[in-house]
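Here is the file my_file_30.txt (compact mmCIF, C-alpha atoms and all ligand atoms).
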# COMPACT_ATOMS: atom_id res chain seq x y z
CA MET B 1 75.45 156.49 125.96
CA LEU B 2 73.60 156.72 129.25
CA HIS B 3 74.07 153.49 131.20
CA SER B 4 72.43 154.40 134.45
CA LYS B 5 69.88 156.81 135.78
CA ILE B 6 69.72 158.52 139.13
CA ASN B 7 67.59 157.09 141.94
CA ILE B 8 65.10 159.91 142.28
CA ASN B 9 63.30 158.42 145.29
CA ARG B 10 66.53 158.28 147.22
CA LEU B 11 67.47 161.83 146.23
CA GLU B 12 64.01 163.07 147.24
CA LYS B 13 64.34 161.41 150.63
CA ASN B 14 67.81 162.88 151.17
CA LEU B 15 66.55 166.37 150.31
CA LYS B 16 63.76 165.94 152.84
CA ASP B 17 66.03 164.52 155.54
CA LEU B 18 68.66 167.25 155.22
CA SER B 19 65.92 169.93 155.18
CA ALA B 20 65.02 168.93 158.75
CA VAL B 21 68.39 170.28 159.89
CA GLY B 22 67.84 173.88 160.94
CA LYS B 23 64.08 173.83 160.22
CA ASN B 24 62.34 176.68 162.09
CA ASP B 25 58.72 177.02 163.21
CA LYS B 26 57.87 179.15 160.16
CA GLY B 27 58.71 176.20 157.92
CA GLY B 28 61.93 177.76 156.66
CA ILE B 29 65.51 176.70 157.26
CA ASP B 30 68.09 178.64 159.32
CA ARG B 31 71.47 177.18 158.49
CA ALA B 32 73.84 180.12 158.56
CA LEU B 33 77.61 179.82 158.46
CA GLY B 34 78.94 178.59 161.80
CA SER B 35 75.51 177.97 163.35
CA GLU B 36 74.58 174.86 165.28
CA ALA B 37 72.57 173.81 162.20
CA ASP B 38 75.64 174.29 159.98
CA ARG B 39 77.54 171.90 162.24
CA GLU B 40 74.65 169.44 162.27
CA ALA B 41 74.32 169.52 158.46
CA ARG B 42 78.03 168.77 158.20
CA LYS B 43 77.61 165.81 160.53
CA TRP B 44 74.61 164.62 158.52
CA LEU B 45 76.57 164.77 155.24
CA MET B 46 79.66 163.11 156.69
CA ALA B 47 77.62 160.29 158.20
CA TYR B 48 75.77 159.80 154.90
CA TRP B 49 78.95 159.72 152.83
CA ASP B 50 80.63 157.40 155.31
CA LYS B 51 77.72 154.97 155.39
CA ASN B 52 76.72 154.97 151.73
CA LEU B 53 79.90 155.72 149.82
CA GLU B 54 82.44 154.45 152.34
CA LEU B 55 84.76 157.23 151.29
CA PRO B 56 86.83 159.40 153.63
CA VAL B 57 85.81 163.06 154.01
CA LYS B 58 88.52 165.69 153.82
CA THR B 59 87.77 169.03 155.49
CA ASP B 60 90.08 171.76 154.20
CA ALA B 61 91.34 174.82 156.08
CA ILE B 62 88.23 176.91 155.32
CA ALA B 63 86.05 173.88 156.27
CA ASN B 64 84.88 172.97 152.78
CA MET B 65 84.11 169.25 152.77
CA TRP B 66 85.48 167.02 150.00
CA VAL B 67 84.83 163.37 149.18
CA GLU B 68 86.61 161.68 146.30
CA ARG B 69 85.85 158.47 144.41
CA ALA B 70 88.94 157.15 142.63
CA GLY B 71 89.34 157.09 138.86
CA ILE B 72 91.37 154.60 136.86
CA GLU B 73 93.86 157.11 135.45
CA GLY B 74 96.26 159.25 137.42
CA ILE B 75 94.59 162.52 136.43
CA ALA B 76 93.03 165.40 138.34
CA PRO B 77 89.44 164.98 139.57
CA ILE B 78 86.24 166.36 138.15
CA VAL B 79 84.48 168.11 141.03
CA ILE B 80 80.72 168.39 141.48
CA GLY B 81 78.82 170.08 144.29
CA SER B 82 77.48 173.27 145.81
CA HIS B 83 76.89 174.50 149.39
CA HIS B 84 74.83 173.39 152.39
CA ASP B 85 74.31 176.70 154.24
CA THR B 86 71.10 178.71 153.78
CA VAL B 87 69.92 182.30 154.06
CA PRO B 88 67.84 183.07 157.19
CA ASN B 89 64.44 181.39 156.81
CA GLY B 90 65.61 179.90 153.50
CA GLY B 91 64.38 176.97 151.44
CA MET B 92 65.43 173.35 151.09
CA TYR B 93 66.84 173.37 147.53
CA ASP B 94 69.24 176.31 147.31
CA GLY B 95 72.67 174.73 147.72
CA ALA B 96 71.48 171.45 149.24
CA LEU B 97 70.22 170.18 145.87
CA GLY B 98 73.68 170.66 144.33
CA VAL B 99 75.41 168.78 147.13
CA LEU B 100 72.87 165.96 147.36
CA LEU B 101 72.67 165.49 143.59
CA ALA B 102 76.48 165.29 143.45
CA THR B 103 76.23 162.66 146.18
CA GLU B 104 73.56 160.77 144.22
CA LEU B 105 75.71 160.79 141.07
CA VAL B 106 78.69 159.27 142.87
CA GLN B 107 76.43 156.75 144.59
CA ILE B 108 74.87 155.67 141.28
CA LEU B 109 78.31 155.29 139.64
CA GLU B 110 79.39 153.15 142.57
CA GLU B 111 76.26 150.95 142.55
CA ASN B 112 76.54 150.35 138.82
CA ASN B 113 80.28 149.71 138.99
CA VAL B 114 80.86 152.49 136.48
CA THR B 115 84.56 153.24 136.34
CA THR B 116 85.64 156.74 135.40
CA ARG B 117 88.97 157.93 134.07
CA HIS B 118 88.98 160.88 136.43
CA PRO B 119 88.40 160.70 140.14
CA ILE B 120 84.97 162.24 140.82
CA ALA B 121 84.92 164.49 143.88
CA ILE B 122 81.94 165.91 145.76
CA VAL B 123 82.33 169.29 147.45
CA SER B 124 80.12 171.12 149.91
CA PHE B 125 81.39 174.68 150.20
CA THR B 126 81.50 176.72 153.41
CA GLY B 127 79.39 179.87 153.82
CA GLU B 128 78.11 180.55 150.30
CA GLU B 129 75.26 182.80 151.39
CA PRO B 130 75.64 186.36 152.73
CA ASN B 131 76.19 186.19 156.51
CA PRO B 132 77.02 188.48 159.45
CA PHE B 133 80.73 188.12 158.62
CA ASN B 134 79.91 190.09 155.46
CA VAL B 135 81.55 187.61 153.13
CA SER B 136 79.63 185.40 150.72
CA THR B 137 80.88 182.44 148.64
CA LEU B 138 83.51 182.18 151.38
CA GLY B 139 84.71 178.61 150.79
CA SER B 140 85.17 178.95 147.02
CA ARG B 141 86.54 182.49 147.41
CA VAL B 142 89.31 181.15 149.65
CA VAL B 143 90.26 178.10 147.55
CA SER B 144 90.42 180.26 144.42
CA GLY B 145 92.80 182.68 146.13
CA ARG B 146 90.51 185.72 146.09
CA VAL B 147 91.04 186.43 149.80
CA GLY B 148 94.18 185.92 151.86
CA LYS B 149 95.01 184.90 155.40
CA GLU B 150 95.58 188.38 156.85
CA GLU B 151 92.25 189.64 155.57
CA LEU B 152 90.44 186.54 156.84
CA LEU B 153 92.01 186.85 160.30
CA GLY B 154 90.64 190.40 160.55
CA ILE B 155 87.02 189.48 159.80
CA LYS B 156 84.49 189.79 162.63
CA ASN B 157 80.79 189.05 162.95
CA ILE B 158 79.08 192.47 162.72
CA GLU B 159 76.28 191.31 165.04
CA ASP B 160 78.17 189.81 167.98
CA GLY B 161 81.83 190.70 167.39
CA THR B 162 83.05 187.08 167.33
CA THR B 163 85.87 186.29 164.92
CA LEU B 164 85.69 184.36 161.68
CA LYS B 165 88.73 182.45 162.95
CA ASP B 166 86.72 180.99 165.87
CA CYS B 167 83.75 180.30 163.63
CA ILE B 168 85.84 178.34 161.11
CA GLU B 169 87.56 176.41 163.89
CA LYS B 170 84.19 175.32 165.25
CA ILE B 171 83.25 173.80 161.89
CA GLY B 172 86.52 171.97 161.38
CA GLY B 173 88.80 174.45 159.55
CA ASP B 174 91.87 176.46 160.53
CA LEU B 175 92.52 179.92 159.12
CA GLU B 176 96.21 179.69 160.03
CA LYS B 177 96.59 176.94 157.44
CA ILE B 178 94.60 178.64 154.71
CA GLN B 179 97.48 178.39 152.24
CA ASP B 180 96.97 174.59 152.15
CA ALA B 181 93.40 175.01 150.88
CA LEU B 182 94.39 176.88 147.71
CA ILE B 183 93.56 175.17 144.42
CA LYS B 184 96.21 175.61 141.77
CA THR B 185 95.60 175.40 138.04
CA GLY B 186 95.72 171.73 137.13
CA ASP B 187 94.61 170.45 140.56
CA ILE B 188 91.05 169.98 139.27
CA SER B 189 90.01 168.95 135.74
CA ALA B 190 86.58 170.62 135.80
CA PHE B 191 83.80 171.78 138.12
CA ILE B 192 80.04 171.45 137.64
CA GLU B 193 77.43 172.92 139.98
CA CYS B 194 73.71 172.13 139.84
CA HIS B 195 71.49 174.85 141.32
CA ILE B 196 67.89 176.01 141.27
CA GLU B 197 67.36 178.88 138.84
CA GLN B 198 65.88 181.28 141.45
CA GLY B 199 64.05 183.25 138.79
CA ARG B 200 61.08 183.00 136.43
CA ARG B 201 62.74 182.48 133.06
CA LEU B 202 62.45 178.68 133.00
CA VAL B 203 58.97 178.53 134.51
CA ASP B 204 57.72 181.18 132.05
CA ALA B 205 59.16 179.21 129.11
CA ASN B 206 57.78 175.95 130.54
CA GLN B 207 61.27 174.43 130.53
CA ALA B 208 62.84 172.23 133.18
CA VAL B 209 66.57 172.80 132.82
CA ALA B 210 69.18 175.12 131.31
CA SER B 211 72.91 175.53 131.18
CA VAL B 212 74.44 178.74 132.46
CA ASN B 213 76.58 180.70 130.02
CA CYS B 214 77.66 183.51 132.33
CA ILE B 215 77.46 184.44 135.99
CA ILE B 216 76.37 188.01 136.38
CA GLY B 217 78.77 190.87 137.12
CA ILE B 218 77.84 193.04 140.09
CA TYR B 219 78.57 196.78 140.30
CA ARG B 220 77.74 198.87 143.36
CA GLU B 221 78.06 202.55 144.23
CA ASN B 222 77.80 204.16 147.65
CA ILE B 223 75.95 207.41 147.01
CA THR B 224 75.55 210.29 149.44
CA ILE B 225 72.97 212.96 148.73
CA ILE B 226 73.44 216.13 150.73
CA GLY B 227 70.57 218.57 151.13
CA ASP B 228 69.70 220.91 153.96
CA ALA B 229 68.12 219.70 157.22
CA ASN B 230 65.60 222.26 158.39
CA HIS B 231 62.30 222.67 160.24
CA ALA B 232 59.56 220.64 158.56
CA GLY B 233 56.93 223.21 159.52
CA THR B 234 58.50 226.59 159.00
CA THR B 235 60.39 225.93 155.75
CA VAL B 236 58.17 226.62 152.75
CA MET B 237 58.21 224.15 149.89
CA ARG B 238 60.19 226.32 147.47
CA ASP B 239 63.01 226.85 150.00
CA ARG B 240 63.81 223.19 150.58
CA GLN B 241 66.77 221.05 149.62
CA ASP B 242 65.30 217.69 150.57
CA ALA B 243 67.96 214.99 150.25
CA LEU B 244 65.39 212.17 150.34
CA LEU B 245 63.41 213.62 147.43
CA GLY B 246 66.69 213.81 145.52
CA ALA B 247 67.23 210.12 146.30
CA CYS B 248 63.68 209.25 145.20
CA GLU B 249 64.14 211.08 141.92
CA LEU B 250 67.47 209.38 141.32
CA ASN B 251 65.90 205.97 141.99
CA LEU B 252 63.04 206.61 139.55
CA ALA B 253 65.46 207.87 136.89
CA PHE B 254 67.59 204.74 137.46
CA GLU B 255 64.51 202.53 137.03
CA LYS B 256 63.63 204.25 133.75
CA ILE B 257 67.16 203.82 132.36
CA LEU B 258 66.98 200.09 133.19
CA LYS B 259 63.44 199.56 131.89
CA ASP B 260 64.27 201.31 128.63
CA LEU B 261 66.86 198.59 127.97
CA GLU B 262 63.99 196.04 127.76
CA SER B 263 66.26 193.17 128.82
CA ASP B 264 65.68 190.36 131.30
CA GLU B 265 69.42 190.08 131.83
CA VAL B 266 70.14 193.57 133.17
CA VAL B 267 68.75 194.62 136.53
CA GLY B 268 69.40 197.38 139.01
CA THR B 269 68.30 198.12 142.55
CA ILE B 270 68.63 200.70 145.29
CA GLY B 271 68.08 198.34 148.21
CA TYR B 272 69.72 200.24 151.04
CA LEU B 273 68.84 203.75 152.17
CA SER B 274 69.78 205.58 155.32
CA VAL B 275 68.10 208.91 156.04
CA PHE B 276 69.55 211.59 158.35
CA PRO B 277 68.40 212.73 160.75
CA ASN B 278 65.34 210.53 160.02
CA ALA B 279 62.88 212.48 162.13
CA ALA B 280 59.24 213.26 161.36
CA ASN B 281 59.61 217.02 161.83
CA ILE B 282 62.94 217.58 160.05
CA ILE B 283 63.51 217.83 156.30
CA PRO B 284 65.95 215.05 155.40
CA GLY B 285 69.39 216.64 155.23
CA GLU B 286 71.37 213.67 154.04
CA VAL B 287 70.74 210.28 152.48
CA GLU B 288 73.20 207.46 152.03
CA LEU B 289 72.25 204.74 149.60
CA VAL B 290 73.68 201.76 147.78
CA LEU B 291 72.93 201.44 144.08
CA GLU B 292 73.52 198.12 142.34
CA ILE B 293 73.68 197.07 138.69
CA ARG B 294 73.85 193.45 137.50
CA THR B 295 74.71 192.52 133.94
CA CYS B 296 77.03 190.24 131.98
CA GLU B 297 77.91 193.03 129.58
CA PRO B 298 80.39 195.61 130.87
CA GLN B 299 79.47 197.95 127.99
CA ILE B 300 75.85 198.06 129.14
CA LYS B 301 76.95 198.80 132.69
CA GLU B 302 79.15 201.69 131.48
CA ASP B 303 76.22 203.00 129.52
CA ILE B 304 73.88 202.92 132.53
CA VAL B 305 76.48 204.68 134.68
CA ARG B 306 76.90 207.38 132.03
CA LYS B 307 73.15 207.99 131.76
CA LEU B 308 72.88 208.03 135.54
CA SER B 309 75.52 210.78 135.71
CA ILE B 310 73.42 212.94 133.38
CA GLU B 311 70.33 212.40 135.59
CA ALA B 312 72.34 213.12 138.77
CA GLU B 313 73.52 216.43 137.28
CA LYS B 314 69.92 217.41 136.53
CA ILE B 315 68.77 216.53 140.05
CA MET B 316 71.60 218.51 141.63
CA LYS B 317 70.72 221.53 139.51
CA ASN B 318 66.96 221.36 140.00
CA ARG B 319 66.93 220.56 143.72
CA GLY B 320 70.04 222.30 144.97
CA VAL B 321 71.35 219.06 146.49
CA LYS B 322 74.81 217.57 146.19
CA ILE B 323 75.27 213.99 144.97
CA ILE B 324 78.56 212.26 145.78
CA ARG B 325 79.16 208.83 144.20
CA LYS B 326 81.79 206.26 145.03
CA VAL B 327 82.22 202.81 143.45
CA ASN B 328 82.41 200.16 146.19
CA LEU B 329 82.25 196.99 144.09
CA ASP B 330 82.96 196.25 140.44
CA GLN B 331 82.96 192.47 140.30
CA ARG B 332 83.29 191.39 136.72
CA GLU B 333 80.97 188.93 135.05
CA MET B 334 82.26 185.37 134.78
CA PRO B 335 81.55 183.53 131.51
CA MET B 336 81.32 179.78 132.01
CA ASP B 337 83.70 177.41 130.22
CA GLU B 338 82.75 176.48 126.64
CA THR B 339 83.76 172.80 126.94
CA VAL B 340 81.81 172.28 130.15
CA MET B 341 78.82 174.16 128.70
CA LYS B 342 78.86 171.94 125.62
CA ALA B 343 78.88 168.80 127.78
CA ILE B 344 75.98 170.17 129.83
CA ASN B 345 74.04 171.01 126.65
CA LYS B 346 74.60 167.46 125.37
CA GLY B 347 73.45 166.15 128.73
CA ILE B 348 70.27 168.22 128.39
CA GLU B 349 69.71 166.92 124.84
CA SER B 350 70.22 163.35 126.03
CA ILE B 351 67.13 163.57 128.25
CA GLY B 352 65.06 165.01 125.39
CA GLU B 353 64.85 168.56 126.71
CA PRO B 354 65.47 171.68 124.61
CA VAL B 355 68.86 173.32 125.05
CA ARG B 356 68.56 176.68 126.74
CA GLU B 357 71.36 178.92 127.94
CA LEU B 358 70.80 181.44 130.69
CA VAL B 359 72.78 184.12 132.45
CA SER B 360 72.86 183.47 136.18
CA MET B 361 71.48 186.61 137.80
CA ALA B 362 72.80 185.52 141.22
CA GLY B 363 76.38 184.89 142.28
CA HIS B 364 77.51 181.29 142.81
CA ASP B 365 80.54 179.28 143.91
CA ALA B 366 81.04 178.31 140.25
CA ALA B 367 82.13 181.91 139.48
CA ASN B 368 85.07 181.52 141.86
CA MET B 369 85.83 177.99 140.66
CA GLN B 370 86.01 179.22 137.06
CA ARG B 371 89.14 181.16 138.10
CA VAL B 372 91.00 177.93 138.90
CA THR B 373 89.40 175.30 136.65
CA GLN B 374 87.02 175.05 133.70
CA SER B 375 83.56 175.35 135.25
CA GLY B 376 79.90 175.19 134.36
CA MET B 377 76.46 175.25 135.94
CA ILE B 378 73.18 173.51 135.26
CA PHE B 379 69.95 175.17 136.39
CA VAL B 380 66.65 173.55 137.22
CA GLN B 381 63.31 175.36 137.25
CA SER B 382 62.17 177.09 140.45
CA ILE B 383 58.38 176.89 140.83
CA ASP B 384 57.02 180.46 140.52
CA GLY B 385 60.61 181.65 140.44
CA LYS B 386 60.74 181.61 144.23
CA SER B 387 63.87 181.17 146.34
CA HIS B 388 65.45 182.29 149.61
CA CYS B 389 62.08 181.65 151.26
CA PRO B 390 60.27 178.67 152.81
CA THR B 391 58.09 178.24 149.68
CA GLU B 392 61.15 177.71 147.47
CA LYS B 393 60.31 174.56 145.52
CA THR B 394 61.24 172.50 142.48
CA HIS B 395 59.15 169.74 140.88
CA ILE B 396 60.59 166.32 141.65
CA LYS B 397 60.24 165.33 137.98
CA ASP B 398 62.44 168.29 137.07
CA ILE B 399 65.02 167.25 139.67
CA GLU B 400 65.07 163.83 138.04
CA LYS B 401 65.64 165.50 134.65
CA VAL B 402 68.46 167.73 135.85
CA GLY B 403 70.04 164.78 137.66
CA ASN B 404 70.13 162.59 134.57
CA ALA B 405 71.30 165.47 132.37
CA MET B 406 74.12 166.19 134.80
CA LEU B 407 75.09 162.51 135.00
CA GLU B 408 75.41 162.42 131.22
CA ALA B 409 77.41 165.69 131.19
CA LEU B 410 79.74 164.29 133.83
CA LEU B 411 80.37 161.11 131.82
CA ILE B 412 80.98 163.14 128.65
CA LEU B 413 83.56 165.32 130.42
CA ASP B 414 85.15 162.21 131.92
CA ARG B 415 85.64 160.82 128.40
CA GLU B 416 86.75 164.05 126.76
CA LEU B 417 88.95 165.85 129.28
CA ASP B 418 92.55 165.11 130.16
ZN ZN B 501 72.89 178.81 146.44

As structure tokens:
Amino acid sequence: MLHSKININRLEKNLKDLSAVGKNDKGGIDRALGSEADREARKWLMAYWDKNLELPVKTDAIANMWVERAGIEGIAPIVIGSHHDTVPNGGMYDGALGVLLATELVQILEENNVTTRHPIAIVSFTGEEPNPFNVSTLGSRVVSGRVGKEELLGIKNIEDGTTLKDCIEKIGGDLEKIQDALIKTGDISAFIECHIEQGRRLVDANQAVASVNCIIGIYRENITIIGDANHAGTTVMRDRQDALLGACELNLAFEKILKDLESDEVVGTIGYLSVFPNAANIIPGEVELVLEIRTCEPQIKEDIVRKLSIEAEKIMKNRGVKIIRKVNLDQREMPMDETVMKAINKGIESIGEPVRELVSMAGHDAANMQRVTQSGMIFVQSIDGKSHCPTEKTHIKDIEKVGNAMLEALLILDRELD
């Protein structure tokens, strides 16, 4: 059924050209929300769309950029896209590939005079990556109604104290009008996001592409361990209540619980620790830490938490420390839509690749979009599983594969959806 194929040379050039925006001297890309490079990337995209698609760009109140190619029926658009911001010193594929591939798909439809029943819209979301405003997947979070105006107006940059309101204004949005950006059920027929895998599962299986069946749930606890700060010289070993050793033991017990599950789709991390008073000659009296669990199965998460409680009890008893736990995030997993997944799987079959379904271990805009429209994701292999670093890379032949698979999936959805 495939009538046209993507122009891989053009897509490769666009990836390279956009990667120059925000390039630093370490070879990475700094394109954080609201930065000069964010503004420049927006200008680059708008100029490209204007010149090559001759379609108007609509910037919504949270500064997401939308471009829409008309369909022949009066039905809601199918949206494709991702984000153009990067982590500090990030790579050139995370986000940008999804936006530029969406652009390529619309361009190839246009060049081949392919009419679609649905309008096909490209989106580049605002501020997907974590940033100093402490809010990730910002653009899709706002349009899906997960965060309201009052909350947004209160958000400040934790590094320099500037407001999110000013930041969004600088990139073309307006928090006062945030209500207008909301997507209601029925406004969009479907959403597909192409993204690099950012893990090793595809490279280890020697596969190029996969569809995503679920975006991981994230659970976090703030844990405080209270011991007894005392002189590091005069307190004998048996008299100590060392809060940091309690934290170390808890972390190792947590690792064992996770490893015993023998699953590549459940992970956990203690990535933040703060030690008080944090002095060389004082026994640590208190430790604050953040513990995180990622899984698509709530039952497994409950199980880990239960086992962790047993271990925490043991540590408290054996070390004489106190462990206080508080849940600070319990973001549920987001299964992707069956219809969109099926179309993506057929797209993958159409290019002669094996169908593979993966859990996305990272959060994505598609998780928010699934709340307002049927959504799916297509992953492409990351060389060595690397991402969020300058060496993040994907083989160009794999980009060609994912592009043609996504084109086919898009055309299937266009035929099948109302
Ligand atoms: Zn991304």

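Remark: for B:Ile257, the closest of the candidate residues B:Ile304, B:Ala70, B:Ile412, B:Ile188 is B:Ile304 (distances computed over all atoms listed in the file).
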
| Any idea what's packed within 12 Å of B:Ser309, counting only C-alpha atoms, ignoring anything in its chain fewer than 2 positions away? Could you give it as a ChimeraX atom specification? | /B:223,250,253-254,257,302-307,311-316,323-325

| request: Report as a PyMOL selection string which protein, DNA and RNA residues come within 12 Å of ligand ZN 501 (chain B), using only C-alpha atoms and all ligand atoms. | output: chain B and resi 81-87+90-99+124-130+136-137+193-198+360-367+377+379+387-388+392

Close residues, B:Leu55 itself excluded, 9 Å, all atoms listed in the file, min 5 positions apart in chain, as an mmCIF file with C-alpha atoms, keeping the file's coordinate frame:
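For reference, out11.cif as written:
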data_model
loop_
_atom_site.group_PDB
_atom_site.id
_atom_site.type_symbol
_atom_site.label_atom_id
_atom_site.label_comp_id
_atom_site.auth_asym_id
_atom_site.auth_seq_id
_atom_site.Cartn_x
_atom_site.Cartn_y
_atom_site.Cartn_z
ATOM 1 C CA TRP B 49 78.950 159.720 152.830
ATOM 2 C CA ASP B 50 80.630 157.400 155.310
ATOM 3 C CA VAL B 67 84.830 163.370 149.180
ATOM 4 C CA GLU B 68 86.610 161.680 146.300
ATOM 5 C CA ARG B 69 85.850 158.470 144.410
#

In the coordinates of the file, take the point (60.3, 176.3, 157.5) and a cut-off of 12 Å; then, counting all atoms listed in the file, name each qualifying protein, DNA or RNA residue as an mmCIF file with C-alpha atoms, in the frame of the given file.
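See selection_0.cif below for the written result:
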data_model
loop_
_atom_site.group_PDB
_atom_site.id
_atom_site.type_symbol
_atom_site.label_atom_id
_atom_site.label_comp_id
_atom_site.auth_asym_id
_atom_site.auth_seq_id
_atom_site.Cartn_x
_atom_site.Cartn_y
_atom_site.Cartn_z
ATOM 1 C CA LYS B 16 63.760 165.940 152.840
ATOM 2 C CA SER B 19 65.920 169.930 155.180
ATOM 3 C CA ALA B 20 65.020 168.930 158.750
ATOM 4 C CA VAL B 21 68.390 170.280 159.890
ATOM 5 C CA GLY B 22 67.840 173.880 160.940
ATOM 6 C CA LYS B 23 64.080 173.830 160.220
ATOM 7 C CA ASN B 24 62.340 176.680 162.090
ATOM 8 C CA ASP B 25 58.720 177.020 163.210
ATOM 9 C CA LYS B 26 57.870 179.150 160.160
ATOM 10 C CA GLY B 27 58.710 176.200 157.920
ATOM 11 C CA GLY B 28 61.930 177.760 156.660
ATOM 12 C CA ILE B 29 65.510 176.700 157.260
ATOM 13 C CA ASP B 30 68.090 178.640 159.320
ATOM 14 C CA ARG B 31 71.470 177.180 158.490
ATOM 15 C CA THR B 86 71.100 178.710 153.780
ATOM 16 C CA VAL B 87 69.920 182.300 154.060
ATOM 17 C CA PRO B 88 67.840 183.070 157.190
ATOM 18 C CA ASN B 89 64.440 181.390 156.810
ATOM 19 C CA GLY B 90 65.610 179.900 153.500
ATOM 20 C CA GLY B 91 64.380 176.970 151.440
ATOM 21 C CA MET B 92 65.430 173.350 151.090
ATOM 22 C CA HIS B 388 65.450 182.290 149.610
ATOM 23 C CA CYS B 389 62.080 181.650 151.260
ATOM 24 C CA PRO B 390 60.270 178.670 152.810
ATOM 25 C CA THR B 391 58.090 178.240 149.680
ATOM 26 C CA GLU B 392 61.150 177.710 147.470
#

Let me have the centre and edge lengths in Å, one decimal, of the box along x, y and z around every listed atom of stretch 176-180 of chain B with 5 Å of margin on each side, as lines of an AutoDock Vina configuration file.
center_x = 96.0
center_y = 177.1
center_z = 156.1
size_x = 12.9
size_y = 15.1
size_z = 17.9

| request: With a distance cut-off of 12 Å and only C-alpha atoms, select the neighbouring residues of B:Lys342, excluding the residue or stretch itself and same-chain residues fewer than 2 positions from it, and output the selection as JSON, numbers by chain. | output: {"B": [210, 211, 212, 213, 336, 337, 338, 339, 340, 344, 345, 346, 347, 348, 349, 355, 356, 357, 374, 375, 376, 377, 378, 406, 408, 409, 410, 412, 413, 416]}

| message | My list of candidates is B:Glu400, B:Leu245, B:Lys256, B:Arg146. Which is closest to B:Gln331 when distances are computed with all atoms listed in the file? | response | B:Arg146
